[in-house]
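Student: Supplied in structure tokens, the structure appears directly below.
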Amino acid sequence: MSKQFYITTAIDYVNGTPHLGHAYEKVLADVIARSRRSLGDRVFFLTGLDEHGQKVKQAAQAQGLEPQAYCDELALSWQSLTTRLNLSNNDFVRTSSARHREMVQAILSRLHANGHFYQAEYRGYYSTRQETFLTEKDRRPDGTFDPFYGEVIELVEENYYFRLREHQAWLIDYIEAHPDFIEPDYRRNEVLGFLKHNTLEDLCSTRPATRLNWGIPVPFDPDFVTYVWFDALSNYVTIPAALGDPALTAALALPAHPAGPALWPADVQILGKDILKFHAVYWPIMLKAIGLPLPRKILAHGWWQKDGQRMSKSTGNVVDPIAVIDEWGADAFRYYVVRELDIGPDGNWTDAGFRSRYSAELANGLGNLVNRSLSMLQRYRNGIVPARSEELASEISTAARTAIGQLREYRLQPALLTIWSIVNRANQYVDQTTPFKLAKDPAQTAKLDAVLYNLAECCRILAVLLWPYIPTSAERIYDQLGLAAKPDSFDAATWGGLEPGHPIAGPQVLFPRKDSPTP
């Protein structure tokens, strides 16, 4: 069985409700997943929730709930987000599920049998908020710890440690030999800088069950549960393993599954820059210790601000993705976050910027192009596609090839700009050819036919190219063109797909103009 294209997001920590950053990451992954399907790949897209750890237990206790009941309740809103964003994910992992737990325990058993853990006493500092151990190096010059860590306590306890230190040299060599492994390149340089200027400490991979019992029990010592990060990172292989991925079941000495999908290694893993160290240092070392290949690419995106300020629930400076979708639609939200922010740098959401892009680019740009193109075809030719014309064929075909090439390289924002050059060119073409004037002159019948064909064909190709970004709107364009298929194959982004004599269904408004003051 051939390997599928496998893409993951980070799994979200279920101690609150979804925010803009969560939604942005999922949209990026979905655009890539859909574009790979349009390229003809079989795709497996995984997202989900990280539900274990001390913070979750404390939040549950504060509400008088058991951790599992607390997670079950919150999981509904997170799973709803995938629907509201119109994600095409194939699976949704919850780390409290039995299938994940069993696979994590298989990983732990494998690593333990091969000597990758040892037991030792820990004396030092612990951040409850970040669920991580700290050292003197984490102190600020005045001796305090960054408020990011919250309350820091001193601890003395026994734990199991995973041997990280011995893997440092080969990981540096691997990253240097594979320049495309971590992108953007400045994030790769950050990871290399960290590895070259710090000595890796072995990773404390357990917590005593007497202190924390909301986690996955360690199979070789029931007095301990698995450290939440070790548990969470494993999800990228636990779900494929549970489904029967042959490479994973072999590596973990699990029963073979004859129909299991071939997924690992992941082709792309998308995550925020704040958790890059875990994914670009700990995760590759864990995989090598298990005996598995590394993911082919780690894509680290930036953070969003609002109005130039860090988003904060306490000050009300937030963007609620569900509220935006309720008011403006999922496609408008998806379009804005990809158009506004390239993968890598930080971005700034402004309500005025959202309204401006919606009005100028979606309503007046794409929406107006489709509406007037199909309205004129209906008015002047009774909705019947006229004879084929090649007038815009070369320009549009070149732009389409460029955009598809950019999507193949995960350059989502540049590809969207290329696609919008088609929108702008087609609108310019209307202004240059003035079809409403041609319609008044019987001698210009052939010229009007050519204009109408070129405009309708531009709309069709735009639907194909835009399907990864704004799938509902792309499918509506196809519907208005009277096309029964979905615009989900880039093979259809070639000139001449509209057959002369084909009846269209007629125009409908894609993006209603709005006067609402805020999104």
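Please note that chains go A, B, ... in the order of the structure tokens, that every chain numbers its residues from 1, and that ligands are numbered from 1 in the order shown.
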Counting only C-alpha atoms, give me one row per residue of stretch 95-185 of chain A with an atom at most 8 Å from an atom of stretch 194-204 of chain A, showing the shortest contact pair and its distance in Å to one decimal, sorted by chain then residue number, as a Markdown table.
Tutor:
| residue | atom | partner | partner_atom | distance |
| --- | --- | --- | --- | --- |
| A:Asn159 | CA | A:Cys204 | CA | 6.6 |
| A:Tyr160 | CA | A:Cys204 | CA | 6.0 |
| A:Tyr161 | CA | A:Cys204 | CA | 4.4 |
| A:Phe162 | CA | A:Leu203 | CA | 5.0 |
| A:Arg163 | CA | A:Asp202 | CA | 5.0 |
| A:Leu164 | CA | A:Asp202 | CA | 4.7 |
| A:Arg165 | CA | A:Leu200 | CA | 5.0 |
| A:Gln168 | CA | A:Leu200 | CA | 6.8 |
| A:Ile172 | CA | A:Leu195 | CA | 6.8 |
Student: Hey, can you spit out that residue selection with N, CA, C and O atoms as a short mmCIF file (atom, residue, chain, number, x, y, z; two decimals), in the first residue's frame?
Tutor:
data_model
loop_
_atom_site.label_atom_id
_atom_site.label_comp_id
_atom_site.auth_asym_id
_atom_site.auth_seq_id
_atom_site.Cartn_x
_atom_site.Cartn_y
_atom_site.Cartn_z
N ASN A 159 11.87 10.28 39.81
CA ASN A 159 11.20 10.21 38.52
C ASN A 159 12.04 9.40 37.54
O ASN A 159 13.21 9.10 37.82
N TYR A 160 11.42 9.06 36.41
CA TYR A 160 12.16 8.43 35.32
C TYR A 160 12.58 9.51 34.32
O TYR A 160 11.83 10.43 34.02
N TYR A 161 13.81 9.35 33.84
CA TYR A 161 14.38 10.30 32.90
C TYR A 161 14.63 9.63 31.56
O TYR A 161 15.08 8.48 31.50
N PHE A 162 14.35 10.37 30.49
CA PHE A 162 14.63 9.90 29.13
C PHE A 162 15.96 10.49 28.69
O PHE A 162 16.22 11.69 28.84
N ARG A 163 16.81 9.66 28.13
CA ARG A 163 18.17 10.09 27.77
C ARG A 163 18.16 10.96 26.51
O ARG A 163 18.11 10.46 25.39
N LEU A 164 18.19 12.26 26.72
CA LEU A 164 18.27 13.21 25.61
C LEU A 164 19.70 13.55 25.25
O LEU A 164 20.05 13.68 24.08
N ARG A 165 20.53 13.71 26.27
CA ARG A 165 21.85 14.31 26.10
C ARG A 165 22.69 13.58 25.06
O ARG A 165 23.39 14.19 24.25
N GLN A 168 22.37 14.66 21.24
CA GLN A 168 22.52 16.05 20.81
C GLN A 168 23.34 16.19 19.52
O GLN A 168 22.95 16.92 18.61
N ILE A 172 22.03 17.78 15.74
CA ILE A 172 22.64 18.94 15.08
C ILE A 172 23.04 18.57 13.66
O ILE A 172 22.74 19.31 12.70
#
Student: Could you pull out the residues in stretch 21-90 of chain A that DSSP calls strand (DSSP E or B) from the backbone, as an NGL selection string?
Tutor: :A and (43-50)
Student: Could you save those same residues with N, CA and C atoms as a PDB file, in the first residue's frame?
Tutor:
ATOM      1  N   VAL A  43      -4.747  11.907   1.342  1.00  0.00           N
ATOM      2  CA  VAL A  43      -4.311  12.730   2.469  1.00  0.00           C
ATOM      3  C   VAL A  43      -4.942  12.238   3.763  1.00  0.00           C
ATOM      4  N   PHE A  44      -4.135  12.259   4.825  1.00  0.00           N
ATOM      5  CA  PHE A  44      -4.646  12.006   6.170  1.00  0.00           C
ATOM      6  C   PHE A  44      -4.270  13.206   7.032  1.00  0.00           C
ATOM      7  N   PHE A  45      -5.286  13.872   7.563  1.00  0.00           N
ATOM      8  CA  PHE A  45      -5.129  15.126   8.315  1.00  0.00           C
ATOM      9  C   PHE A  45      -5.599  14.871   9.740  1.00  0.00           C
ATOM     10  N   LEU A  46      -4.673  15.057  10.689  1.00  0.00           N
ATOM     11  CA  LEU A  46      -4.962  14.791  12.108  1.00  0.00           C
ATOM     12  C   LEU A  46      -4.867  16.067  12.928  1.00  0.00           C
ATOM     13  N   THR A  47      -5.860  16.283  13.766  1.00  0.00           N
ATOM     14  CA  THR A  47      -5.816  17.349  14.765  1.00  0.00           C
ATOM     15  C   THR A  47      -6.436  16.785  16.042  1.00  0.00           C
ATOM     16  N   GLY A  48      -6.486  17.576  17.110  1.00  0.00           N
ATOM     17  CA  GLY A  48      -7.082  17.036  18.324  1.00  0.00           C
ATOM     18  C   GLY A  48      -6.697  17.777  19.585  1.00  0.00           C
ATOM     19  N   LEU A  49      -6.811  17.075  20.718  1.00  0.00           N
ATOM     20  CA  LEU A  49      -6.706  17.696  22.035  1.00  0.00           C
ATOM     21  C   LEU A  49      -5.728  16.968  22.947  1.00  0.00           C
ATOM     22  N   ASP A  50      -5.010  17.770  23.723  1.00  0.00           N
ATOM     23  CA  ASP A  50      -4.094  17.309  24.764  1.00  0.00           C
ATOM     24  C   ASP A  50      -4.841  17.481  26.094  1.00  0.00           C
TER      25      ASP A  50
END
Student: Stretch 143-255 of chain A: which residues are alpha helix (DSSP H) by DSSP, as a compact mmCIF listing (two decimals) with all heavy atoms, in the first residue's frame?
Tutor:
# COMPACT_ATOMS: atom_id res chain seq x y z
N GLN A 168 22.37 14.66 21.24
CA GLN A 168 22.52 16.05 20.81
C GLN A 168 23.34 16.19 19.52
O GLN A 168 22.95 16.92 18.61
CB GLN A 168 23.16 16.87 21.93
CG GLN A 168 23.17 18.37 21.68
CD GLN A 168 23.35 19.16 22.96
OE1 GLN A 168 23.39 18.59 24.06
NE2 GLN A 168 23.43 20.46 22.84
N ALA A 169 24.44 15.49 19.44
CA ALA A 169 25.34 15.67 18.30
C ALA A 169 24.69 15.24 16.99
O ALA A 169 24.75 15.96 15.97
CB ALA A 169 26.64 14.89 18.52
N TRP A 170 24.04 14.07 16.99
CA TRP A 170 23.46 13.62 15.72
C TRP A 170 22.29 14.51 15.30
O TRP A 170 22.06 14.70 14.09
CB TRP A 170 23.02 12.15 15.77
CG TRP A 170 21.70 11.88 16.46
CD1 TRP A 170 21.53 11.36 17.69
CD2 TRP A 170 20.37 12.11 15.94
NE1 TRP A 170 20.18 11.26 17.99
CE2 TRP A 170 19.45 11.71 16.93
CE3 TRP A 170 19.87 12.61 14.74
CZ2 TRP A 170 18.08 11.80 16.77
CZ3 TRP A 170 18.49 12.71 14.58
CH2 TRP A 170 17.61 12.31 15.58
N LEU A 171 21.56 15.07 16.28
CA LEU A 171 20.44 15.94 15.91
C LEU A 171 20.94 17.21 15.23
O LEU A 171 20.36 17.66 14.23
CB LEU A 171 19.60 16.28 17.14
CG LEU A 171 18.36 17.14 16.86
CD1 LEU A 171 17.44 16.49 15.84
CD2 LEU A 171 17.59 17.40 18.16
N ILE A 172 22.03 17.78 15.74
CA ILE A 172 22.64 18.94 15.08
C ILE A 172 23.04 18.57 13.66
O ILE A 172 22.74 19.31 12.70
CB ILE A 172 23.86 19.44 15.88
CG1 ILE A 172 23.42 20.03 17.23
CG2 ILE A 172 24.64 20.49 15.08
CD1 ILE A 172 24.56 20.37 18.16
N ASP A 173 23.70 17.43 13.51
CA ASP A 173 24.13 17.00 12.18
C ASP A 173 22.94 16.80 11.26
O ASP A 173 22.98 17.17 10.07
CB ASP A 173 24.93 15.69 12.28
CG ASP A 173 26.28 15.87 12.96
OD1 ASP A 173 26.74 17.02 13.07
OD2 ASP A 173 26.85 14.85 13.39
N TYR A 174 21.86 16.23 11.79
CA TYR A 174 20.68 15.96 10.96
C TYR A 174 20.06 17.27 10.48
O TYR A 174 19.72 17.40 9.29
CB TYR A 174 19.65 15.15 11.75
CG TYR A 174 18.45 14.78 10.93
CD1 TYR A 174 18.42 13.59 10.21
CD2 TYR A 174 17.34 15.62 10.84
CE1 TYR A 174 17.32 13.24 9.42
CE2 TYR A 174 16.24 15.29 10.05
CZ TYR A 174 16.24 14.11 9.35
OH TYR A 174 15.16 13.77 8.56
N ILE A 175 19.89 18.22 11.37
CA ILE A 175 19.25 19.49 10.99
C ILE A 175 20.11 20.23 9.97
O ILE A 175 19.60 20.82 9.01
CB ILE A 175 18.98 20.35 12.24
CG1 ILE A 175 17.95 19.66 13.14
CG2 ILE A 175 18.49 21.74 11.84
CD1 ILE A 175 17.76 20.34 14.49
N GLU A 176 21.42 20.17 10.15
CA GLU A 176 22.31 20.84 9.20
C GLU A 176 22.30 20.15 7.84
O GLU A 176 22.42 20.80 6.80
CB GLU A 176 23.73 20.90 9.75
CG GLU A 176 23.86 21.86 10.93
CD GLU A 176 25.28 22.02 11.42
OE1 GLU A 176 26.06 21.04 11.32
OE2 GLU A 176 25.61 23.12 11.91
N ALA A 177 22.14 18.83 7.85
CA ALA A 177 22.13 18.08 6.58
C ALA A 177 20.78 18.13 5.88
O ALA A 177 20.70 17.77 4.70
CB ALA A 177 22.53 16.62 6.84
N ASP A 185 13.42 29.33 7.68
CA ASP A 185 14.83 29.09 7.96
C ASP A 185 15.29 29.75 9.25
O ASP A 185 16.19 29.24 9.93
CB ASP A 185 15.70 29.53 6.78
CG ASP A 185 15.51 30.99 6.39
OD1 ASP A 185 14.66 31.68 6.99
OD2 ASP A 185 16.20 31.45 5.46
N TYR A 186 14.67 30.88 9.62
CA TYR A 186 15.11 31.53 10.86
C TYR A 186 14.68 30.74 12.09
O TYR A 186 15.32 30.82 13.14
CB TYR A 186 14.64 32.99 10.95
CG TYR A 186 13.19 33.26 10.67
CD1 TYR A 186 12.23 33.19 11.68
CD2 TYR A 186 12.77 33.62 9.40
CE1 TYR A 186 10.89 33.46 11.43
CE2 TYR A 186 11.44 33.88 9.14
CZ TYR A 186 10.51 33.81 10.15
OH TYR A 186 9.18 34.08 9.90
N ARG A 187 13.62 29.96 11.98
CA ARG A 187 13.26 29.06 13.09
C ARG A 187 14.27 27.90 13.16
O ARG A 187 14.65 27.46 14.25
CB ARG A 187 11.85 28.53 12.90
CG ARG A 187 10.77 29.60 12.88
CD ARG A 187 10.66 30.31 14.20
NE ARG A 187 9.66 31.37 14.14
CZ ARG A 187 9.72 32.49 14.85
NH1 ARG A 187 10.71 32.72 15.67
NH2 ARG A 187 8.76 33.41 14.74
N ARG A 188 14.69 27.42 12.01
CA ARG A 188 15.73 26.39 11.98
C ARG A 188 16.99 26.91 12.66
O ARG A 188 17.64 26.21 13.46
CB ARG A 188 16.01 26.00 10.53
CG ARG A 188 17.22 25.10 10.33
CD ARG A 188 17.36 24.75 8.84
NE ARG A 188 18.60 24.04 8.58
CZ ARG A 188 19.74 24.64 8.25
NH1 ARG A 188 19.78 25.95 8.16
NH2 ARG A 188 20.82 23.93 8.02
N ASN A 189 17.36 28.15 12.35
CA ASN A 189 18.56 28.73 12.95
C ASN A 189 18.41 28.87 14.46
O ASN A 189 19.39 28.71 15.21
CB ASN A 189 18.87 30.08 12.32
CG ASN A 189 19.27 29.96 10.85
OD1 ASN A 189 19.74 28.90 10.42
ND2 ASN A 189 19.09 31.03 10.09
N GLU A 190 17.21 29.17 14.93
CA GLU A 190 16.97 29.26 16.37
C GLU A 190 17.23 27.92 17.04
O GLU A 190 17.85 27.84 18.11
CB GLU A 190 15.53 29.69 16.65
CG GLU A 190 15.23 31.15 16.37
CD GLU A 190 13.76 31.46 16.56
OE1 GLU A 190 13.03 30.61 17.11
OE2 GLU A 190 13.33 32.55 16.14
N VAL A 191 16.73 26.84 16.42
CA VAL A 191 16.90 25.51 17.00
C VAL A 191 18.38 25.12 17.01
O VAL A 191 18.90 24.62 18.02
CB VAL A 191 16.08 24.47 16.22
CG1 VAL A 191 16.37 23.06 16.73
CG2 VAL A 191 14.59 24.77 16.35
N LEU A 192 19.08 25.38 15.91
CA LEU A 192 20.51 25.08 15.87
C LEU A 192 21.28 25.89 16.89
O LEU A 192 22.20 25.39 17.55
CB LEU A 192 21.06 25.34 14.46
CG LEU A 192 20.77 24.27 13.41
CD1 LEU A 192 21.21 24.75 12.03
CD2 LEU A 192 21.45 22.96 13.78
N GLY A 193 20.91 27.16 17.05
CA GLY A 193 21.56 28.00 18.06
C GLY A 193 21.37 27.44 19.45
O GLY A 193 22.31 27.40 20.26
N PHE A 194 20.15 27.00 19.74
CA PHE A 194 19.88 26.41 21.06
C PHE A 194 20.71 25.16 21.27
O PHE A 194 21.33 24.97 22.33
CB PHE A 194 18.38 26.07 21.16
CG PHE A 194 18.03 25.23 22.35
CD1 PHE A 194 17.94 25.80 23.62
CD2 PHE A 194 17.81 23.86 22.22
CE1 PHE A 194 17.64 25.01 24.73
CE2 PHE A 194 17.49 23.08 23.31
CZ PHE A 194 17.41 23.65 24.57
N LEU A 195 20.77 24.29 20.27
CA LEU A 195 21.49 23.02 20.42
C LEU A 195 22.99 23.22 20.52
O LEU A 195 23.69 22.46 21.20
CB LEU A 195 21.16 22.10 19.23
CG LEU A 195 19.76 21.49 19.23
CD1 LEU A 195 19.48 20.84 17.88
CD2 LEU A 195 19.62 20.47 20.35
N LYS A 196 23.51 24.23 19.84
CA LYS A 196 24.96 24.44 19.83
C LYS A 196 25.47 25.20 21.04
O LYS A 196 26.67 25.17 21.35
CB LYS A 196 25.37 25.17 18.55
CG LYS A 196 25.23 24.31 17.29
CD LYS A 196 25.65 25.07 16.05
CE LYS A 196 25.61 24.19 14.81
NZ LYS A 196 26.03 24.92 13.60
N HIS A 197 24.58 25.90 21.72
CA HIS A 197 25.03 26.74 22.83
C HIS A 197 24.50 26.27 24.18
O HIS A 197 24.68 26.95 25.20
CB HIS A 197 24.61 28.20 22.59
CG HIS A 197 25.28 28.81 21.40
ND1 HIS A 197 24.68 28.91 20.17
CD2 HIS A 197 26.53 29.33 21.26
CE1 HIS A 197 25.51 29.48 19.31
NE2 HIS A 197 26.64 29.73 19.94
N VAL A 228 3.22 15.06 30.65
CA VAL A 228 2.21 15.46 29.67
C VAL A 228 2.81 15.72 28.28
O VAL A 228 2.20 15.40 27.26
CB VAL A 228 1.41 16.68 30.17
CG1 VAL A 228 2.29 17.92 30.28
CG2 VAL A 228 0.20 16.94 29.30
N TRP A 229 4.03 16.26 28.21
CA TRP A 229 4.61 16.52 26.90
C TRP A 229 5.02 15.23 26.20
O TRP A 229 4.88 15.10 24.98
CB TRP A 229 5.81 17.47 27.01
CG TRP A 229 5.41 18.89 26.77
CD1 TRP A 229 5.31 19.90 27.68
CD2 TRP A 229 5.02 19.47 25.51
NE1 TRP A 229 4.88 21.06 27.07
CE2 TRP A 229 4.70 20.82 25.74
CE3 TRP A 229 4.90 18.96 24.22
CZ2 TRP A 229 4.29 21.68 24.73
CZ3 TRP A 229 4.48 19.82 23.21
CH2 TRP A 229 4.18 21.17 23.47
N PHE A 230 5.53 14.26 26.95
CA PHE A 230 5.87 12.98 26.35
C PHE A 230 4.61 12.30 25.80
O PHE A 230 4.59 11.73 24.71
CB PHE A 230 6.54 12.08 27.39
CG PHE A 230 7.50 11.09 26.82
CD1 PHE A 230 8.87 11.32 26.84
CD2 PHE A 230 7.04 9.91 26.25
CE1 PHE A 230 9.76 10.41 26.30
CE2 PHE A 230 7.92 8.99 25.71
CZ PHE A 230 9.29 9.23 25.74
N ASP A 231 3.57 12.39 26.56
CA ASP A 231 2.24 11.88 26.19
C ASP A 231 1.73 12.59 24.93
O ASP A 231 1.32 11.97 23.95
CB ASP A 231 1.34 12.09 27.40
CG ASP A 231 -0.16 11.94 27.15
OD1 ASP A 231 -0.57 11.63 26.03
OD2 ASP A 231 -0.90 12.16 28.11
N ALA A 232 1.78 13.93 24.94
CA ALA A 232 1.20 14.72 23.86
C ALA A 232 1.95 14.54 22.55
O ALA A 232 1.34 14.36 21.48
CB ALA A 232 1.16 16.19 24.25
N LEU A 233 3.27 14.60 22.58
CA LEU A 233 4.05 14.47 21.35
C LEU A 233 3.81 13.13 20.67
O LEU A 233 3.84 13.02 19.44
CB LEU A 233 5.55 14.65 21.65
CG LEU A 233 6.01 16.07 21.97
CD1 LEU A 233 7.42 16.06 22.54
CD2 LEU A 233 5.95 16.95 20.72
N ASN A 235 1.19 11.60 20.16
CA ASN A 235 -0.08 11.45 19.45
C ASN A 235 0.09 11.33 17.94
O ASN A 235 -0.72 10.70 17.27
CB ASN A 235 -1.02 12.61 19.79
CG ASN A 235 -0.92 13.77 18.81
OD1 ASN A 235 -1.61 13.82 17.80
ND2 ASN A 235 -0.03 14.71 19.11
N TYR A 236 1.17 11.94 17.43
CA TYR A 236 1.35 11.94 15.98
C TYR A 236 1.60 10.53 15.43
O TYR A 236 1.36 10.29 14.24
CB TYR A 236 2.51 12.86 15.60
CG TYR A 236 2.39 14.25 16.15
CD1 TYR A 236 3.38 14.80 16.99
CD2 TYR A 236 1.28 15.04 15.86
CE1 TYR A 236 3.27 16.08 17.49
CE2 TYR A 236 1.16 16.33 16.36
CZ TYR A 236 2.16 16.84 17.19
OH TYR A 236 2.05 18.11 17.69
N VAL A 237 2.08 9.63 16.30
CA VAL A 237 2.23 8.24 15.86
C VAL A 237 1.21 7.31 16.51
O VAL A 237 0.93 6.24 15.97
CB VAL A 237 3.66 7.69 16.11
CG1 VAL A 237 4.68 8.46 15.30
CG2 VAL A 237 4.02 7.70 17.58
N THR A 238 0.63 7.70 17.65
CA THR A 238 -0.31 6.78 18.31
C THR A 238 -1.55 6.52 17.47
O THR A 238 -2.05 5.39 17.41
CB THR A 238 -0.72 7.27 19.71
OG1 THR A 238 -1.42 8.52 19.60
CG2 THR A 238 0.47 7.40 20.63
N ILE A 239 -2.06 7.56 16.82
CA ILE A 239 -3.28 7.37 16.03
C ILE A 239 -3.00 6.54 14.78
O ILE A 239 -3.72 5.56 14.51
CB ILE A 239 -3.95 8.72 15.70
CG1 ILE A 239 -4.35 9.44 17.01
CG2 ILE A 239 -5.17 8.52 14.81
CD1 ILE A 239 -5.14 8.60 17.99
N PRO A 240 -1.96 6.85 13.99
CA PRO A 240 -1.63 5.95 12.89
C PRO A 240 -1.35 4.52 13.36
O PRO A 240 -1.75 3.56 12.69
CB PRO A 240 -0.39 6.59 12.26
CG PRO A 240 -0.50 8.03 12.60
CD PRO A 240 -1.12 8.08 13.96
N ALA A 241 -0.67 4.38 14.50
CA ALA A 241 -0.39 3.04 15.02
C ALA A 241 -1.68 2.32 15.39
O ALA A 241 -1.86 1.13 15.10
CB ALA A 241 0.55 3.12 16.22
N ALA A 242 -2.59 3.03 16.05
CA ALA A 242 -3.87 2.43 16.43
C ALA A 242 -4.68 2.02 15.21
O ALA A 242 -5.44 1.05 15.26
CB ALA A 242 -4.67 3.41 17.29
N LEU A 243 -4.50 2.75 14.10
CA LEU A 243 -5.21 2.43 12.86
C LEU A 243 -4.52 1.30 12.09
O LEU A 243 -5.07 0.80 11.11
CB LEU A 243 -5.32 3.67 11.98
CG LEU A 243 -6.20 4.80 12.53
CD1 LEU A 243 -6.08 6.04 11.65
CD2 LEU A 243 -7.65 4.36 12.65
N PRO A 246 1.58 0.02 9.09
CA PRO A 246 2.49 -1.13 9.15
C PRO A 246 3.87 -0.80 9.71
O PRO A 246 4.45 -1.61 10.45
CB PRO A 246 2.57 -1.62 7.70
CG PRO A 246 2.04 -0.51 6.87
CD PRO A 246 1.08 0.26 7.72
N ALA A 247 4.43 0.37 9.37
CA ALA A 247 5.75 0.73 9.89
C ALA A 247 5.72 0.92 11.40
O ALA A 247 6.65 0.54 12.11
CB ALA A 247 6.25 2.00 9.20
N LEU A 248 4.63 1.48 11.90
CA LEU A 248 4.53 1.74 13.33
C LEU A 248 4.23 0.48 14.11
O LEU A 248 4.79 0.27 15.20
CB LEU A 248 3.45 2.80 13.59
CG LEU A 248 3.73 4.18 12.96
CD1 LEU A 248 2.58 5.13 13.25
CD2 LEU A 248 5.03 4.76 13.49
N THR A 249 3.34 -0.34 13.61
CA THR A 249 3.05 -1.57 14.34
C THR A 249 4.28 -2.46 14.41
O THR A 249 4.53 -3.11 15.43
CB THR A 249 1.88 -2.33 13.69
OG1 THR A 249 2.16 -2.53 12.30
CG2 THR A 249 0.57 -1.58 13.83
N ALA A 250 5.10 -2.46 13.36
CA ALA A 250 6.34 -3.24 13.39
C ALA A 250 7.32 -2.67 14.40
O ALA A 250 7.93 -3.42 15.19
CB ALA A 250 6.97 -3.27 12.00
N ALA A 251 7.48 -1.34 14.42
CA ALA A 251 8.44 -0.72 15.34
C ALA A 251 8.04 -0.91 16.79
O ALA A 251 8.92 -1.01 17.67
CB ALA A 251 8.56 0.77 15.02
Student: Mind pulling up the distance from atom CA of A:Ser205 to atom CA of A:Glu136?
Tutor: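 Answer for the atom CA of A:Glu136 to atom CA of A:Ser205 separation: 19.9 Å.
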Student: Can you tell me which residues surround A:Arg139 at a distance of at most 12 Å, considering only C-alpha atoms, apart from same-chain residues fewer than 4 positions away, and format the answer as number ranges by chain?
Tutor: A: 125, 134-135, 143-149, 152
Student: Residues as selected, N, CA and C atoms, written as a PDB file, in the first residue's frame, can you do that?
Tutor:
ATOM      1  N   TYR A 125      13.370  23.249  40.907  1.00  0.00           N
ATOM      2  CA  TYR A 125      12.197  24.103  40.816  1.00  0.00           C
ATOM      3  C   TYR A 125      11.217  23.540  39.786  1.00  0.00           C
ATOM      4  N   LEU A 134      12.454  23.598  36.147  1.00  0.00           N
ATOM      5  CA  LEU A 134      13.309  24.745  35.848  1.00  0.00           C
ATOM      6  C   LEU A 134      14.650  24.591  36.556  1.00  0.00           C
ATOM      7  N   THR A 135      15.652  25.284  36.048  1.00  0.00           N
ATOM      8  CA  THR A 135      16.978  25.262  36.664  1.00  0.00           C
ATOM      9  C   THR A 135      17.397  26.696  36.974  1.00  0.00           C
ATOM     10  N   GLY A 143      17.083  37.095  40.091  1.00  0.00           N
ATOM     11  CA  GLY A 143      16.835  35.874  40.849  1.00  0.00           C
ATOM     12  C   GLY A 143      15.423  35.347  40.757  1.00  0.00           C
ATOM     13  N   THR A 144      14.522  36.120  40.147  1.00  0.00           N
ATOM     14  CA  THR A 144      13.132  35.673  40.025  1.00  0.00           C
ATOM     15  C   THR A 144      12.952  34.899  38.721  1.00  0.00           C
ATOM     16  N   PHE A 145      11.803  34.236  38.624  1.00  0.00           N
ATOM     17  CA  PHE A 145      11.457  33.548  37.386  1.00  0.00           C
ATOM     18  C   PHE A 145      10.450  34.384  36.602  1.00  0.00           C
ATOM     19  N   ASP A 146      10.489  34.260  35.301  1.00  0.00           N
ATOM     20  CA  ASP A 146       9.570  35.006  34.441  1.00  0.00           C
ATOM     21  C   ASP A 146       8.126  34.698  34.838  1.00  0.00           C
ATOM     22  N   PRO A 147       7.251  35.717  34.877  1.00  0.00           N
ATOM     23  CA  PRO A 147       5.840  35.487  35.215  1.00  0.00           C
ATOM     24  C   PRO A 147       5.164  34.450  34.309  1.00  0.00           C
ATOM     25  N   PHE A 148       5.732  34.234  33.140  1.00  0.00           N
ATOM     26  CA  PHE A 148       5.238  33.201  32.221  1.00  0.00           C
ATOM     27  C   PHE A 148       5.116  31.854  32.930  1.00  0.00           C
ATOM     28  N   TYR A 149       6.009  31.584  33.895  1.00  0.00           N
ATOM     29  CA  TYR A 149       6.017  30.294  34.582  1.00  0.00           C
ATOM     30  C   TYR A 149       5.013  30.220  35.723  1.00  0.00           C
ATOM     31  N   VAL A 152       6.284  29.140  41.029  1.00  0.00           N
ATOM     32  CA  VAL A 152       7.390  28.184  40.945  1.00  0.00           C
ATOM     33  C   VAL A 152       7.662  27.644  42.341  1.00  0.00           C
TER      34      VAL A 152
END
Student: Which is closest to A:Ala253 among A:Ala280, A:Pro184, A:Glu102, A:Arg110, if we use only C-alpha atoms?
Tutor: A:Arg110
Student: I'd like the contact shell of stretch 257-274 of chain A - 8 Å cut-off, only C-alpha atoms, skipping same-chain residues fewer than 6 positions apart - returned as a ChimeraX atom specification.
Tutor: /A:1-10,25,29,44,187,236-237,240,243-249,292-303
Student: List as an NGL selection string the protein and nucleic acid residues near A:Leu465, meaning an atom at most 12 Å away when only C-alpha atoms are counted, but skip any in the same chain fewer than 5 places from it.
Tutor: :A and (31 or 34-36 or 38-39 or 396-397 or 399-407 or 412 or 415-423 or 458-460 or 470-471 or 473-475 or 477-478 or 486-494)
Student: Using only C-alpha atoms for the distances, tell me which of A:Ser109, A:Thr128, A:Gln305, A:Asn15 is nearest to A:Asp221.
Tutor: A:Ser109
Student: In Å to one decimal, how far is atom CA of A:Ser359 from atom CA of A:Leu448?
Tutor: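 Atom CA of A:Leu448 sits 28.9 Å away from atom CA of A:Ser359.
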Student: Give me, as a Markdown table, each residue of stretch 67-152 of chain A that comes within 12 Å of stretch 18-24 of chain A, together with its shortest interatomic pair and the distance in Å at one decimal, counting only C-alpha atoms, with rows ordered by chain and rising residue number.
Tutor:
| residue | atom | partner | partner_atom | distance |
| --- | --- | --- | --- | --- |
| A:Leu74 | CA | A:Pro18 | CA | 9.8 |
| A:Ala75 | CA | A:Pro18 | CA | 10.3 |
| A:Leu76 | CA | A:Pro18 | CA | 11.1 |
| A:Ser77 | CA | A:Pro18 | CA | 7.8 |
| A:Trp78 | CA | A:Pro18 | CA | 6.6 |
| A:Gln79 | CA | A:Pro18 | CA | 10.1 |
| A:Ser80 | CA | A:Pro18 | CA | 10.1 |
| A:Leu81 | CA | A:Pro18 | CA | 7.6 |
| A:Thr82 | CA | A:Ala23 | CA | 8.5 |
| A:Thr83 | CA | A:Ala23 | CA | 11.3 |
| A:Arg84 | CA | A:Ala23 | CA | 9.9 |
| A:Leu85 | CA | A:Ala23 | CA | 7.6 |
| A:Asn86 | CA | A:Ala23 | CA | 10.9 |
| A:Leu87 | CA | A:Ala23 | CA | 10.1 |
